[in-house]
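A short worksheet on the structure shown next.
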Amino acid sequence: MSNKIVDSLAESHRALGGLADQLRRTVRPEDASRLFRQFALALGGHLGMMNKVVYPSLQNQDPDQREAQAALMLGHTRLAQSLADLLTLKPDSSAFADSLRDLLEASCETIAREEEVLFPMLGTLDDSQVLAMTLDADTYLAPLAEPEPDPADVKFSSDWLEEARLLLGTLPTATAPSA
């Protein structure tokens, strides 16, 4: 049996990577605005799925993997915080452009870490765990497959934004590992 949760995550990665590439190349403001909305929804869906489906499912897995899981979670939390901060900026400002560039770069780095570290972890799950995770993950990712997803159809709650703010607020700035 193929690991459907890995397939779902890989599809999410392709969508995020494709949108990031398009955003980097876009020059027309109206196209950039539309692509950014799609990217924000896709990233929000991905982050929500990771926090609500993937990490809870891995909680009782191999204790030797906890450090790697914690590093991945911290990277996702930082992405959530960056996205939340970006959503507060005016789209036509230079601060927005700089923050967007940083978010796109951090997203691509996180995707690479997921594929390197998380995918092997998910490969150790049994078929019933994979099926349960896949069904839950699809509720976060399915609406994002549409070219123009309706924000009302996407599980893009503010929970992950609040979790990111709370977690990052407890980390000392000087000793926090980089994402």
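Please note that chains go A, B, ... in the order of the structure tokens, that every chain numbers its residues from 1, and that ligands are numbered from 1 in the order shown.
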Which residues of segment 28-77 of chain A come within 9 Å of segment 113-133 of chain A, and what is each one's closest atom pair and distance in Å (one decimal), counting only C-alpha atoms, sorted by chain and residue number, as CSV?
```
residue,atom,partner,partner_atom,distance
A:Val53,CA,A:Met133,CA,6.1
A:Val54,CA,A:Met133,CA,6.9
A:Ser57,CA,A:Met133,CA,7.3
A:Leu58,CA,A:Leu122,CA,8.0
A:Gln61,CA,A:Leu125,CA,8.6
A:Asp62,CA,A:Met121,CA,8.8
A:Gln65,CA,A:Met121,CA,8.0
A:Ala68,CA,A:Val117,CA,7.3
A:Gln69,CA,A:Leu118,CA,7.7
A:Leu72,CA,A:Glu114,CA,7.3
```
Inset, instruction - Just the residues within 9 Å of Phe36 of chain A, please, counting only C-alpha atoms, with nothing from its chain fewer than 3 positions along; format it as a list in words. - result: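 My reading of the contact set: Leu19, Ala20, Leu23, Asp31, Ala32, Ser33, Phe39, Ala40, Leu41 and Leu100 of chain A.
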Legend entry - Atomic separation - atom CA of Asp138 of chain A relative to atom CA of Val6 of chain A, Å: 11.8 Å
Report as a Markdown table the residues of segment 22-92 of chain A within 8 Å of segment 104-111 of chain A, each with its shortest atom pair and distance in Å (one decimal), using only C-alpha atoms, ordered by chain and increasing residue number.
```
| residue | atom | partner | partner_atom | distance |
| --- | --- | --- | --- | --- |
| A:Leu72 | CA | A:Thr110 | CA | 7.7 |
| A:Gly75 | CA | A:Thr110 | CA | 6.6 |
| A:His76 | CA | A:Thr110 | CA | 7.4 |
| A:Leu79 | CA | A:Ser107 | CA | 7.0 |
```
Please save C-alpha atoms of the selected residues as a PDB file, in the first residue's frame.
```
ATOM      1  CA  LEU A  72      10.024  20.539  12.423  1.00  0.00           C
ATOM      2  CA  GLY A  75       9.888  25.559  11.801  1.00  0.00           C
ATOM      3  CA  HIS A  76       6.140  25.312  11.167  1.00  0.00           C
ATOM      4  CA  LEU A  79       6.140  29.909   9.277  1.00  0.00           C
TER       5      LEU A  79
END
```
Inset, instruction - Mind checking which residues fall within 10 Å of Ala15 of chain A, counting only C-alpha atoms, ignoring those fewer than 5 positions away in the same chain, and posting them as a ChimeraX atom specification? - result: /A:9-10,20-21,38-39,42-43,144-145
Legend entry - Residue nearest Arg24 of chain A among A:Asp92, A:Asp102, A:Asp85, A:Asp64 (counting only C-alpha atoms): A:Asp102
